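The structure appears right after this line, and notes come after that.
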Amino acid sequence: MAEHIHITRRDDLGIATIMASRDGNHAALATALGAGALPPSSAWVEGADSLLIGIAPAAWLAVTADAAPTWAHTLAGRLTGHAAVSDQSGAYVVFRLEGPGARTILQRGASIDLDPKAFAAGSAATTVIAHIGVIIWQIGDAPAYDVAVFRSFEASFRHWLAISAAAL
Amino acid sequence: MRGQTHRLATGGLIDRARPLSFTFDGKAYTGFAGDTLASALLANNVPLVGRSFKYHRPRGILTAGSEEPNALVTLRSGAHAEPNSRATVIPLFDGLAATSQNRWPSLAFDVLALNQLASPIFVAGFYYKTFMWPAAFWEKVYEPLIRRAAGLGALSMLPDPDHYDRSHAFCDLLVIGAGPAGLAAARAAGRAGLRVIIADEDERFGGRLLAERHKVDGMDGPAWADAAAVELATFPNVTSLPRTIVFGAYDGGEYGAVERVSDHLASSLPGQPRQRLWKIVARHTLLASGAIERPIVFGGNDRPGVMMASAVTAYINRFAVAPGKRALVFTTSDSGWSAAEDLVAAGCDVAAVVDARGSPPPAAERLRRAGIRIFEQAAVANVAGRRTRAATIIDSSGRAHTVAVDLVAMAGGWNPSIGIGSNLGCRPSWSDSANAFLLDTPPRGMTPAGAAAGALSLADALASGIAAAVKAGSEMGVTIAAEAPAAEAEPASTSPPHPVRGRPGKAFVDFQNDVTAKDIDLAASEGFTSVEHLKRYTTLGMATDQGKTSQVNGHAVLAAATGKTIAEAGTILSRPPYLPVAIGVLAGHHRGRHFRPERRTASHEWAEEQGATFVDAGQWKRAQWFARPGDRDWSDTVAREVNATRGGVGICDVSTLGKIDVHGRDAGLLLDRLYVNTFSTLAIGKARYGLMLREDGFVLDDGTTTRFAEDRFFVTTTTVNAARVMQHIDFARQVLWPELDVQATSVTEQWSTYAVAGPRSRMLLQKLLPAVDLSNENFPYMGAAEFEWMGAPARLFRLSFSGELAYEISAPASFGDRLVRALFEAGSAFDVTPYGTEALGVMRIEKGHAAGNELNGQTTARDLGMARMMSQKKDFIGRVMANRPALLDPARPSLVGIRPKAPDARLRAGAHLLPEGVRPVADHDQGFVTSVAFSPVLGHWIGLALLAGGPGRYGETIVAHDPVRGSDVAVEICNPVFVDPEGTRLRG
């Protein structure tokens, strides 16, 4: 009955909010980020050195692994004229949930449809789990998800995660 | 096998290889796996299981389902006790312990049954009539009396030791009820590939197929149901939820359900919740919830041993229990005749079958041939005995016949279980063909099916389920096979409710709330002739069973009493929950300290190590103070922290302040419109204090904003208003001025920020940051800089809330713990002291800074002494409304300082300000004290206050009147800046 789940905290990520300028050219912004096109707020795409996750109209979260602490600053330089960049590397903790139990546990927390027909690898959502704002993006069919939570909520989120994993 | 005297030798869906032990009121019994508590009690010939609510009449088991009004018991004990559990739906488990309730001192002898003798005072509306006067008696005498006498099961008053979970689900088709209609529909939809959820309150799918003897597709009913359930389990697109009650329908196709995950077990499995709350969003819903059999209203119809005919068939066929040895069947529907045949088949004596109608189904002839007495167009007038002993039959010619029986099965027709169908306001209407209220106009997306739609025969129910699935499928563009499973169309005609009146004995309509037919007559004669008034006046249908067996009968009695048809009398709507739901499952994991999520700053662990006491600031946990050995009390601690900071250097975590990046070409312009003062002219590398107003001219929030580049501002807010200011900025840039090129995002979580305050703060920081020139010339008051610390971006601001030479240093929150430790390491040479929010508050009061108590949503910039900050050269949000004459009235309370005339007098926040020598009444009120503190610097209490005509009254003496804590303190009105009014320290 118990479904397998593997949970890890991904540290040393570079994270930044990217918000397109009022009159910005999204195609040029996509090019500057090394992506074919920028995703809507329900999806993510791979950029040259980061994942670009849609979080709102004309706003994305860029996430990259093993980044230098100043990565967002460098990114801001690259996007001058196209977008505003805010460093969020310290703002989020990101958990990776993998295995058959990952979908079950997230479905218990999030009131969005996580069935593969509605949410698959490449999908993203900005939603709420246990009264805590989260950004979820599915990275694989296993399934595997990354879940970003504001750092101050980590203890409360871990409480929900632990108690929910025990009930799988 | 001791005592299972009423267990049939063969048959049933019980597992005779798995005997189970249980206790009821401390007495040991046995049953089998597959039993409910009710079936096991009946097997053990325990017919008396409770006492009624008002009259304490002995009551037995009436039904075999969740509609049960009588057999309410307390399941388990101690903290796990669950009062008002329906014995009819409690799956038996080994070691189960239940106790009867609502009786004192014991079930067999109930002192309060004497209420029956006093029953005239318990008539309809007795709450209103008897206990209206004298009013003071209500709380002291009557209410405790009623609660003890009439209370249902008692709560343990202990914390709930179980835990509760929740889940969410989305589907094309939600099937509520896994009886024949629901199973057929779910299987057909599942085969067609639809995402289906099928939920049933029972642990076993099949509904009435488990309780009756029918064939479906040539298979026995239970076997067909099992096969269907097994097939459903093989579909990845189908979720089966047994033991799950769908309790409410909400807007947008949303349904609430409770899955009883562990209630059927002696105790929850490790990690498993007791129950799980489901929020289900469905494109279409089949309400295949079946129907509930109507009792018949006649004298003594509440005696233990009077049972629904449908329950009798369930106990015989599903549980292999004969609920009596010698039975009488009283019916107004064909289904009652099936019960009679089931009784005969089970080997019970059937004394007679009484049909109120004149044209019984073919079963009558079969039974007559078997020698059973048949009464047509007859009625049962009364049942006698504390436990059913005899029944009086009035035949078609009016002659009375008394028969000795221990079981009376009554079959008064069927009420479709459409409760949740009216949750959204759809009113059921009476059907003369189904003799029941039906949901003609169900809510959008919901289709009643099977017995819930009035299709009472098995063949009709199956066809109805399939038809509803086909219709739902076609609306979603999916073709569902339209062939219904084959079954016989057994006779299933009914008649309207048929109360037997004018005979002695109490004839109960609502068993749980003890409402009789006479009570309804009385209510009608007193003018309570609407079903809604009737309900409230008599409490009909207001018990925990929500009138599932009583409501329609009550409305029929009312209709008769008022000369209306049932259709004209109408029926009520129902609200969620359809069945009782534990509050715990709605709360889920969010209880106790997890009631809401908490936010911790990056220094939390470090502060815990330092022995901090934390205080809630919204969701944040902030260090309030850091007690040290030798501190006498918290005020001593706070005074020590203030003195150490003002005399040397102190550090406080101020990360909870809201932080917002405002970027873009027009960022400065937007800020000019948001703040009363100007920001577009702010130099790069400089910070400025700003004040924002709401559109109505009152102060919204304050904080400092720093410019790091031409198009890059960093706004800070107060802790509590962080989200509001973010919304305010987004509203301004997205709705008011979408033409501006401004991007804004919250970076509150990104930065850990520590205030380093006191005359030695520069030395401390210079030690930590040897590469940054912190000299006053290079880094003056309100200066700001970006640099790197340990390879990470960092920021330094020269800001002061304490009035001292002070800085705020920021690093990414992921470096926050390292930074606080590094600060204290660097500060060890300077005797650095951590200080908490309390010392922070004392120092801001000493400096006369307005904070939450003064920024209370009712104060203007002028009230706070900041009128001059309001720019005359530009427009900004709130400018026009702030200039309303009433807000410019010099008599408006405005900010002043107060100090006690007697140096040792204590001030109290909230005290009202009155002139000396006047009566303390509201007419003399001139303002109130907003913040107070003991000032360690001055050695006496100080306060901030909002006082009429404030700043013009420095030097005056008034009285701070505190009726709550009972003190009058003479205070002098003074400048609110108590410490260093020239500001030489912070610029030093």
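Going through the structure tokens in order, the chains are called A, B, and so on, while each chain numbers its residues from 1 and the ligands are numbered from 1 in the order shown.
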Helix (DSSP H, G or I) positions in chain A, given as a compact mmCIF listing (two decimals) with all heavy atoms, in the first residue's frame:
# COMPACT_ATOMS: atom_id res chain seq x y z
N HIS A 26 9.62 39.85 -25.94
CA HIS A 26 9.75 38.53 -25.32
C HIS A 26 10.63 37.59 -26.12
O HIS A 26 11.33 36.75 -25.56
CB HIS A 26 8.38 37.90 -25.09
CG HIS A 26 7.60 38.53 -23.97
ND1 HIS A 26 6.61 37.89 -23.29
CD2 HIS A 26 7.71 39.77 -23.42
CE1 HIS A 26 6.11 38.70 -22.36
NE2 HIS A 26 6.77 39.85 -22.43
N ALA A 27 10.62 37.76 -27.44
CA ALA A 27 11.47 36.91 -28.28
C ALA A 27 12.94 37.20 -27.99
O ALA A 27 13.76 36.29 -27.85
CB ALA A 27 11.14 37.13 -29.75
N ALA A 28 13.24 38.49 -27.86
CA ALA A 28 14.62 38.86 -27.57
C ALA A 28 15.01 38.39 -26.18
O ALA A 28 16.14 37.93 -25.95
CB ALA A 28 14.78 40.38 -27.70
N LEU A 29 14.07 38.49 -25.26
CA LEU A 29 14.33 38.01 -23.90
C LEU A 29 14.59 36.51 -23.91
O LEU A 29 15.53 36.01 -23.26
CB LEU A 29 13.13 38.37 -23.00
CG LEU A 29 13.21 37.91 -21.53
CD1 LEU A 29 14.44 38.48 -20.83
CD2 LEU A 29 11.95 38.35 -20.77
N ALA A 30 13.77 35.78 -24.66
CA ALA A 30 13.95 34.33 -24.78
C ALA A 30 15.33 34.03 -25.33
O ALA A 30 16.04 33.15 -24.83
CB ALA A 30 12.85 33.74 -25.65
N THR A 31 15.71 34.75 -26.34
CA THR A 31 17.03 34.53 -26.96
C THR A 31 18.13 34.79 -25.94
O THR A 31 19.08 34.00 -25.82
CB THR A 31 17.19 35.46 -28.19
OG1 THR A 31 16.07 35.24 -29.04
CG2 THR A 31 18.48 35.17 -28.92
N ALA A 32 17.99 35.90 -25.20
CA ALA A 32 19.00 36.23 -24.20
C ALA A 32 19.10 35.15 -23.12
O ALA A 32 20.15 34.96 -22.52
CB ALA A 32 18.69 37.59 -23.56
N LEU A 33 18.00 34.45 -22.89
CA LEU A 33 17.99 33.38 -21.89
C LEU A 33 18.33 32.04 -22.51
O LEU A 33 18.39 31.02 -21.80
CB LEU A 33 16.61 33.31 -21.22
CG LEU A 33 16.29 34.44 -20.25
CD1 LEU A 33 14.80 34.52 -19.99
CD2 LEU A 33 17.05 34.23 -18.94
N TRP A 71 25.21 34.55 -9.16
CA TRP A 71 24.67 34.17 -10.47
C TRP A 71 23.56 35.12 -10.93
O TRP A 71 23.53 35.56 -12.08
CB TRP A 71 24.17 32.73 -10.42
CG TRP A 71 23.45 32.32 -11.67
CD1 TRP A 71 24.02 31.96 -12.86
CD2 TRP A 71 22.02 32.23 -11.87
NE1 TRP A 71 23.05 31.65 -13.79
CE2 TRP A 71 21.82 31.81 -13.21
CE3 TRP A 71 20.92 32.48 -11.06
CZ2 TRP A 71 20.54 31.63 -13.75
CZ3 TRP A 71 19.65 32.29 -11.59
CH2 TRP A 71 19.46 31.87 -12.93
N ALA A 72 22.65 35.45 -10.04
CA ALA A 72 21.51 36.30 -10.43
C ALA A 72 22.00 37.67 -10.87
O ALA A 72 21.42 38.28 -11.78
CB ALA A 72 20.54 36.44 -9.26
N HIS A 73 23.05 38.14 -10.21
CA HIS A 73 23.61 39.44 -10.57
C HIS A 73 24.13 39.40 -12.02
O HIS A 73 23.90 40.32 -12.81
CB HIS A 73 24.73 39.79 -9.60
CG HIS A 73 25.25 41.17 -9.76
ND1 HIS A 73 24.54 42.27 -9.32
CD2 HIS A 73 26.39 41.64 -10.34
CE1 HIS A 73 25.23 43.36 -9.62
NE2 HIS A 73 26.36 43.01 -10.23
N THR A 74 24.81 38.30 -12.36
CA THR A 74 25.33 38.13 -13.72
C THR A 74 24.17 38.07 -14.71
O THR A 74 24.22 38.68 -15.79
CB THR A 74 26.14 36.82 -13.80
OG1 THR A 74 26.96 36.73 -12.65
CG2 THR A 74 26.97 36.76 -15.05
N LEU A 75 23.12 37.33 -14.33
CA LEU A 75 21.96 37.20 -15.19
C LEU A 75 21.34 38.57 -15.45
O LEU A 75 20.97 38.89 -16.58
CB LEU A 75 20.94 36.27 -14.53
CG LEU A 75 19.66 35.99 -15.32
CD1 LEU A 75 19.96 35.15 -16.55
CD2 LEU A 75 18.63 35.29 -14.44
N ALA A 76 21.24 39.37 -14.40
CA ALA A 76 20.65 40.71 -14.55
C ALA A 76 21.41 41.49 -15.60
O ALA A 76 20.82 42.19 -16.43
CB ALA A 76 20.66 41.43 -13.21
N GLY A 77 22.72 41.37 -15.57
CA GLY A 77 23.54 42.07 -16.56
C GLY A 77 23.19 41.63 -17.97
O GLY A 77 23.09 42.45 -18.89
N ARG A 78 22.99 40.31 -18.14
CA ARG A 78 22.69 39.77 -19.47
C ARG A 78 21.34 40.23 -19.99
O ARG A 78 21.12 40.27 -21.20
CB ARG A 78 22.71 38.24 -19.41
CG ARG A 78 23.95 37.63 -19.99
CD ARG A 78 24.12 36.17 -19.60
NE ARG A 78 22.94 35.35 -19.84
CZ ARG A 78 22.67 34.21 -19.20
NH1 ARG A 78 23.50 33.79 -18.26
NH2 ARG A 78 21.61 33.52 -19.47
N PRO A 100 6.63 7.03 -7.10
CA PRO A 100 5.18 6.91 -7.28
C PRO A 100 4.38 7.67 -6.23
O PRO A 100 3.28 8.15 -6.49
CB PRO A 100 4.91 5.41 -7.14
CG PRO A 100 6.23 4.74 -7.29
CD PRO A 100 7.30 5.73 -6.95
N GLY A 101 4.95 7.80 -5.02
CA GLY A 101 4.22 8.50 -3.97
C GLY A 101 4.23 10.01 -4.12
O GLY A 101 3.48 10.70 -3.45
N ALA A 102 5.09 10.52 -5.02
CA ALA A 102 5.24 11.97 -5.13
C ALA A 102 3.95 12.63 -5.59
O ALA A 102 3.54 13.66 -5.06
CB ALA A 102 6.39 12.30 -6.08
N ARG A 103 3.30 12.01 -6.58
CA ARG A 103 2.06 12.61 -7.08
C ARG A 103 0.98 12.55 -5.99
O ARG A 103 0.28 13.54 -5.75
CB ARG A 103 1.57 11.90 -8.34
CG ARG A 103 0.27 12.48 -8.88
CD ARG A 103 -0.15 11.87 -10.20
NE ARG A 103 0.75 12.21 -11.28
CZ ARG A 103 1.42 11.34 -12.01
NH1 ARG A 103 1.27 10.04 -11.79
NH2 ARG A 103 2.22 11.74 -12.96
N THR A 104 0.89 11.41 -5.32
CA THR A 104 -0.13 11.25 -4.27
C THR A 104 0.06 12.31 -3.19
O THR A 104 -0.89 12.97 -2.77
CB THR A 104 -0.02 9.86 -3.64
OG1 THR A 104 -0.09 8.89 -4.69
CG2 THR A 104 -1.13 9.61 -2.64
N ILE A 105 1.28 12.48 -2.76
CA ILE A 105 1.51 13.40 -1.64
C ILE A 105 1.22 14.84 -2.06
O ILE A 105 0.60 15.61 -1.32
CB ILE A 105 2.94 13.21 -1.08
CG1 ILE A 105 3.00 13.65 0.36
CG2 ILE A 105 3.97 13.94 -1.87
CD1 ILE A 105 4.31 13.28 1.02
N LEU A 106 1.62 15.20 -3.27
CA LEU A 106 1.35 16.57 -3.72
C LEU A 106 -0.14 16.78 -3.94
O LEU A 106 -0.68 17.85 -3.67
CB LEU A 106 2.12 16.88 -5.00
CG LEU A 106 3.62 17.08 -4.81
CD1 LEU A 106 4.29 17.37 -6.16
CD2 LEU A 106 3.90 18.24 -3.85
N GLN A 107 -0.84 15.74 -4.41
CA GLN A 107 -2.28 15.86 -4.62
C GLN A 107 -3.01 16.02 -3.30
O GLN A 107 -4.06 16.64 -3.23
CB GLN A 107 -2.79 14.64 -5.39
CG GLN A 107 -4.20 14.81 -5.93
CD GLN A 107 -4.31 15.89 -7.01
OE1 GLN A 107 -4.05 15.65 -8.17
NE2 GLN A 107 -4.67 17.12 -6.61
N ARG A 108 -2.42 15.47 -2.25
CA ARG A 108 -3.04 15.66 -0.93
C ARG A 108 -2.84 17.09 -0.45
O ARG A 108 -3.63 17.59 0.33
CB ARG A 108 -2.46 14.67 0.08
CG ARG A 108 -2.98 13.27 -0.22
CD ARG A 108 -2.70 12.27 0.86
NE ARG A 108 -3.25 10.99 0.44
CZ ARG A 108 -2.81 9.82 0.82
NH1 ARG A 108 -1.81 9.73 1.67
NH2 ARG A 108 -3.37 8.72 0.38
N GLY A 109 -1.79 17.71 -0.94
CA GLY A 109 -1.53 19.07 -0.48
C GLY A 109 -2.12 20.14 -1.37
O GLY A 109 -2.65 21.13 -0.89
N ARG A 151 11.67 30.43 2.15
CA ARG A 151 12.56 29.85 3.16
C ARG A 151 11.99 29.93 4.58
O ARG A 151 12.15 29.00 5.36
CB ARG A 151 13.91 30.58 3.10
CG ARG A 151 14.97 30.04 4.05
CD ARG A 151 16.33 30.70 3.77
NE ARG A 151 16.83 30.31 2.46
CZ ARG A 151 17.57 29.23 2.23
NH1 ARG A 151 17.91 28.43 3.22
NH2 ARG A 151 17.98 28.95 1.01
N SER A 152 11.29 31.01 4.90
CA SER A 152 10.81 31.15 6.29
C SER A 152 9.78 30.09 6.64
O SER A 152 9.55 29.81 7.80
CB SER A 152 10.21 32.55 6.50
OG SER A 152 9.00 32.69 5.78
N PHE A 153 9.14 29.51 5.61
CA PHE A 153 8.11 28.49 5.86
C PHE A 153 8.69 27.08 5.92
O PHE A 153 7.93 26.12 6.02
CB PHE A 153 7.05 28.54 4.76
CG PHE A 153 6.14 29.73 4.82
CD1 PHE A 153 6.27 30.78 3.92
CD2 PHE A 153 5.15 29.81 5.78
CE1 PHE A 153 5.43 31.87 3.97
CE2 PHE A 153 4.28 30.90 5.84
CZ PHE A 153 4.43 31.93 4.93
N GLU A 154 9.99 26.95 5.81
CA GLU A 154 10.56 25.61 5.65
C GLU A 154 10.13 24.66 6.78
O GLU A 154 9.74 23.52 6.51
CB GLU A 154 12.09 25.66 5.56
CG GLU A 154 12.65 24.26 5.31
CD GLU A 154 14.17 24.21 5.19
OE1 GLU A 154 14.82 25.26 5.32
OE2 GLU A 154 14.69 23.09 4.98
N ALA A 155 10.19 25.12 8.02
CA ALA A 155 9.87 24.21 9.13
C ALA A 155 8.42 23.74 9.04
O ALA A 155 8.12 22.55 9.22
CB ALA A 155 10.13 24.90 10.47
N SER A 156 7.51 24.66 8.75
CA SER A 156 6.11 24.29 8.66
C SER A 156 5.87 23.37 7.45
O SER A 156 5.09 22.42 7.53
CB SER A 156 5.22 25.53 8.53
OG SER A 156 5.16 26.21 9.76
N PHE A 157 6.55 23.66 6.35
CA PHE A 157 6.37 22.82 5.17
C PHE A 157 6.91 21.41 5.42
O PHE A 157 6.30 20.42 5.05
CB PHE A 157 7.06 23.45 3.96
CG PHE A 157 6.76 22.71 2.67
CD1 PHE A 157 5.53 22.84 2.06
CD2 PHE A 157 7.71 21.87 2.11
CE1 PHE A 157 5.24 22.15 0.89
CE2 PHE A 157 7.43 21.17 0.94
CZ PHE A 157 6.20 21.31 0.33
N ARG A 158 8.04 21.34 6.07
CA ARG A 158 8.62 20.02 6.40
C ARG A 158 7.69 19.24 7.32
O ARG A 158 7.60 18.02 7.21
CB ARG A 158 9.97 20.19 7.10
CG ARG A 158 11.13 20.35 6.17
CD ARG A 158 12.37 20.67 7.01
NE ARG A 158 13.55 20.75 6.19
CZ ARG A 158 14.38 19.72 5.95
NH1 ARG A 158 14.14 18.54 6.48
NH2 ARG A 158 15.43 19.88 5.19
N HIS A 159 7.01 19.94 8.22
CA HIS A 159 6.05 19.25 9.09
C HIS A 159 4.96 18.61 8.25
O HIS A 159 4.62 17.43 8.42
CB HIS A 159 5.45 20.23 10.09
CG HIS A 159 4.32 19.65 10.88
ND1 HIS A 159 3.00 19.96 10.62
CD2 HIS A 159 4.29 18.75 11.89
CE1 HIS A 159 2.22 19.27 11.45
NE2 HIS A 159 2.98 18.54 12.22
N TRP A 160 4.43 19.38 7.31
CA TRP A 160 3.38 18.83 6.44
C TRP A 160 3.93 17.66 5.62
O TRP A 160 3.29 16.62 5.48
CB TRP A 160 2.83 19.92 5.50
CG TRP A 160 1.91 19.31 4.49
CD1 TRP A 160 0.60 18.99 4.68
CD2 TRP A 160 2.26 18.87 3.17
NE1 TRP A 160 0.10 18.38 3.56
CE2 TRP A 160 1.09 18.30 2.62
CE3 TRP A 160 3.43 18.91 2.40
CZ2 TRP A 160 1.07 17.77 1.32
CZ3 TRP A 160 3.41 18.39 1.13
CH2 TRP A 160 2.24 17.82 0.60
N LEU A 161 5.14 17.85 5.11
CA LEU A 161 5.75 16.82 4.25
C LEU A 161 5.94 15.52 5.05
O LEU A 161 5.62 14.43 4.57
CB LEU A 161 7.10 17.35 3.76
CG LEU A 161 7.69 16.81 2.48
CD1 LEU A 161 6.70 16.89 1.33
CD2 LEU A 161 8.96 17.62 2.13
N ALA A 162 6.44 15.66 6.26
CA ALA A 162 6.74 14.46 7.07
C ALA A 162 5.47 13.71 7.42
O ALA A 162 5.38 12.49 7.27
CB ALA A 162 7.48 14.88 8.34
N ILE A 163 4.46 14.45 7.83
CA ILE A 163 3.23 13.81 8.29
C ILE A 163 2.48 13.22 7.10
O ILE A 163 1.82 12.18 7.21
CB ILE A 163 2.38 14.83 9.11
CG1 ILE A 163 1.49 14.12 10.09
CG2 ILE A 163 1.60 15.77 8.25
CD1 ILE A 163 0.99 15.00 11.21
N SER A 164 2.60 13.85 5.95
CA SER A 164 1.92 13.34 4.76
C SER A 164 2.66 12.13 4.19
O SER A 164 2.02 11.20 3.69
CB SER A 164 1.81 14.43 3.70
OG SER A 164 1.09 15.53 4.22
N ALA A 165 3.98 12.16 4.25
CA ALA A 165 4.74 11.02 3.75
C ALA A 165 4.48 9.79 4.61
O ALA A 165 4.38 8.67 4.10
CB ALA A 165 6.23 11.35 3.73
N ALA A 166 4.30 10.02 5.90
CA ALA A 166 4.03 8.88 6.80
C ALA A 166 2.70 8.22 6.49
O ALA A 166 2.50 7.04 6.76
CB ALA A 166 4.04 9.37 8.26
Residues near segment 55-70 of chain A, anyone? I mean within 9 Å using only C-alpha atoms, not counting same-chain ones fewer than 5 positions away, as a ChimeraX atom specification.
/A:10-21,26,38-44,47,49-50,75,87-89,124-126,135 /B:788,791-793,812
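Minimum distance to chain A across B:Thr748, B:Ser21, B:Gln512, B:Ser429 (counting only C-alpha atoms) occurs at B:Thr748.
Residues within 10 Å of Trp606 of chain B, counting only C-alpha atoms and excluding same-chain residues fewer than 5 positions away, are Thr601, Gly611, Ala612, Asp817, Arg818, Val820 and Arg821 of chain B.
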Output file for the selection above: N, CA, C and O atoms, as a PDB file, in the first residue's frame:
ATOM      1  N   THR B 601      12.837  33.387  10.826  1.00  0.00           N
ATOM      2  CA  THR B 601      13.933  34.084  10.162  1.00  0.00           C
ATOM      3  C   THR B 601      15.159  33.175  10.158  1.00  0.00           C
ATOM      4  O   THR B 601      15.198  32.149  10.841  1.00  0.00           O
ATOM      5  N   GLY B 611      18.790  31.473  23.885  1.00  0.00           N
ATOM      6  CA  GLY B 611      17.750  31.508  24.912  1.00  0.00           C
ATOM      7  C   GLY B 611      16.675  32.536  24.660  1.00  0.00           C
ATOM      8  O   GLY B 611      16.052  33.039  25.603  1.00  0.00           O
ATOM      9  N   ALA B 612      16.459  32.866  23.394  1.00  0.00           N
ATOM     10  CA  ALA B 612      15.462  33.891  23.086  1.00  0.00           C
ATOM     11  C   ALA B 612      14.062  33.433  23.472  1.00  0.00           C
ATOM     12  O   ALA B 612      13.747  32.253  23.386  1.00  0.00           O
ATOM     13  N   ASP B 817      22.139  32.792   8.708  1.00  0.00           N
ATOM     14  CA  ASP B 817      22.650  32.184   9.933  1.00  0.00           C
ATOM     15  C   ASP B 817      24.151  32.475  10.070  1.00  0.00           C
ATOM     16  O   ASP B 817      24.630  32.860  11.133  1.00  0.00           O
ATOM     17  N   ARG B 818      24.886  32.323   8.934  1.00  0.00           N
ATOM     18  CA  ARG B 818      26.328  32.613   8.972  1.00  0.00           C
ATOM     19  C   ARG B 818      26.585  34.066   9.347  1.00  0.00           C
ATOM     20  O   ARG B 818      27.497  34.395  10.101  1.00  0.00           O
ATOM     21  N   VAL B 820      24.702  36.222  11.132  1.00  0.00           N
ATOM     22  CA  VAL B 820      24.469  36.619  12.527  1.00  0.00           C
ATOM     23  C   VAL B 820      25.597  36.100  13.417  1.00  0.00           C
ATOM     24  O   VAL B 820      26.064  36.785  14.327  1.00  0.00           O
ATOM     25  N   ARG B 821      26.077  34.894  13.085  1.00  0.00           N
ATOM     26  CA  ARG B 821      27.179  34.358  13.883  1.00  0.00           C
ATOM     27  C   ARG B 821      28.459  35.175  13.669  1.00  0.00           C
ATOM     28  O   ARG B 821      29.217  35.448  14.607  1.00  0.00           O
TER      29      ARG B 821
END
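Any residue of chain B with an atom no more than 6 Å from chain A counts as a contact; using only C-alpha atoms, that gives Arg166, Ser167, His168, Phe170, Gly271, Gln272, Pro597, Arg599, Arg600, Thr601, Asp741, Glu749, Gln750, Ala792, Pro812, Ala813 and Ser814 of chain B.
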Long-range neighbours of Gly34 of chain B as a ChimeraX atom specification, 8 Å cut-off, only C-alpha atoms, 4 positions minimum in chain
/B:13-15,91-92,319
Using the selection just defined, write its residues with N, CA, C and O atoms as a short mmCIF file (atom, residue, chain, number, x, y, z; two decimals), in the first residue's frame.
data_model
loop_
_atom_site.label_atom_id
_atom_site.label_comp_id
_atom_site.auth_asym_id
_atom_site.auth_seq_id
_atom_site.Cartn_x
_atom_site.Cartn_y
_atom_site.Cartn_z
N LEU B 13 -23.26 -12.21 4.37
CA LEU B 13 -21.96 -11.83 3.81
C LEU B 13 -20.94 -11.67 4.93
O LEU B 13 -20.01 -10.88 4.83
N ILE B 14 -21.13 -12.43 5.99
CA ILE B 14 -20.19 -12.37 7.10
C ILE B 14 -19.18 -13.50 6.96
O ILE B 14 -19.42 -14.47 6.25
N ASP B 15 -18.05 -13.33 7.62
CA ASP B 15 -17.00 -14.35 7.57
C ASP B 15 -17.04 -15.13 8.88
O ASP B 15 -16.48 -14.70 9.89
N PRO B 91 -18.43 -0.69 11.44
CA PRO B 91 -17.99 -2.05 11.15
C PRO B 91 -17.41 -2.66 12.42
O PRO B 91 -16.66 -2.00 13.15
N LEU B 92 -17.77 -3.88 12.68
CA LEU B 92 -17.28 -4.54 13.90
C LEU B 92 -15.79 -4.85 13.74
O LEU B 92 -15.35 -5.28 12.67
N PHE B 319 -26.39 -9.93 6.95
CA PHE B 319 -25.70 -10.23 8.20
C PHE B 319 -26.13 -11.56 8.82
O PHE B 319 -25.60 -11.94 9.86
#
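Residues lying within 10 Å of Ala282 of chain B, counting only C-alpha atoms and ignoring same-chain neighbours fewer than 5 positions away, are Ala169, Phe170, Cys171, Asp172, Leu173, Leu174, Val175, Arg195, Val196, Ile197, Gly252, Gly253, Glu254, Tyr255, Gly445 and Met446 of chain B.
For the pair atom CA of Arg213 of chain B and atom CA of Arg369 of chain B, the separation is 20.9 Å.
The interatomic distance for the pair atom CA of Pro976 of chain B and atom CA of Pro936 of chain B works out to 16.0 Å.
Nearest to Gly182 of chain B of all the residues B:Trp278, B:Arg303, B:Arg906, B:Leu458 is B:Leu458, counting only C-alpha atoms.
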Residues near Gly952 of chain B, anyone? I mean within 12 Å using only C-alpha atoms, not counting same-chain ones fewer than 2 positions away, as a ChimeraX atom specification.
/B:865,890-897,947-950,954-956,973-975
Give the answer as one residue: which of B:Leu573, B:Ala639, B:Met157, B:Val515 has the shortest atom-to-atom distance to Phe53 of chain B, using only C-alpha atoms?
B:Val515
Quick one: residues within 12 Å of Asp925 of chain B, only C-alpha atoms, excluding same-chain residues fewer than 4 positions away - as a VMD selection string?
chain B and resid 893 911 to 916 918 to 921 929 946 to 948 958 to 962
Quick one: pick out all strand (DSSP E) residues within segment 51-130 of chain A from a backbone DSSP run and write them as a count of residues only.
30
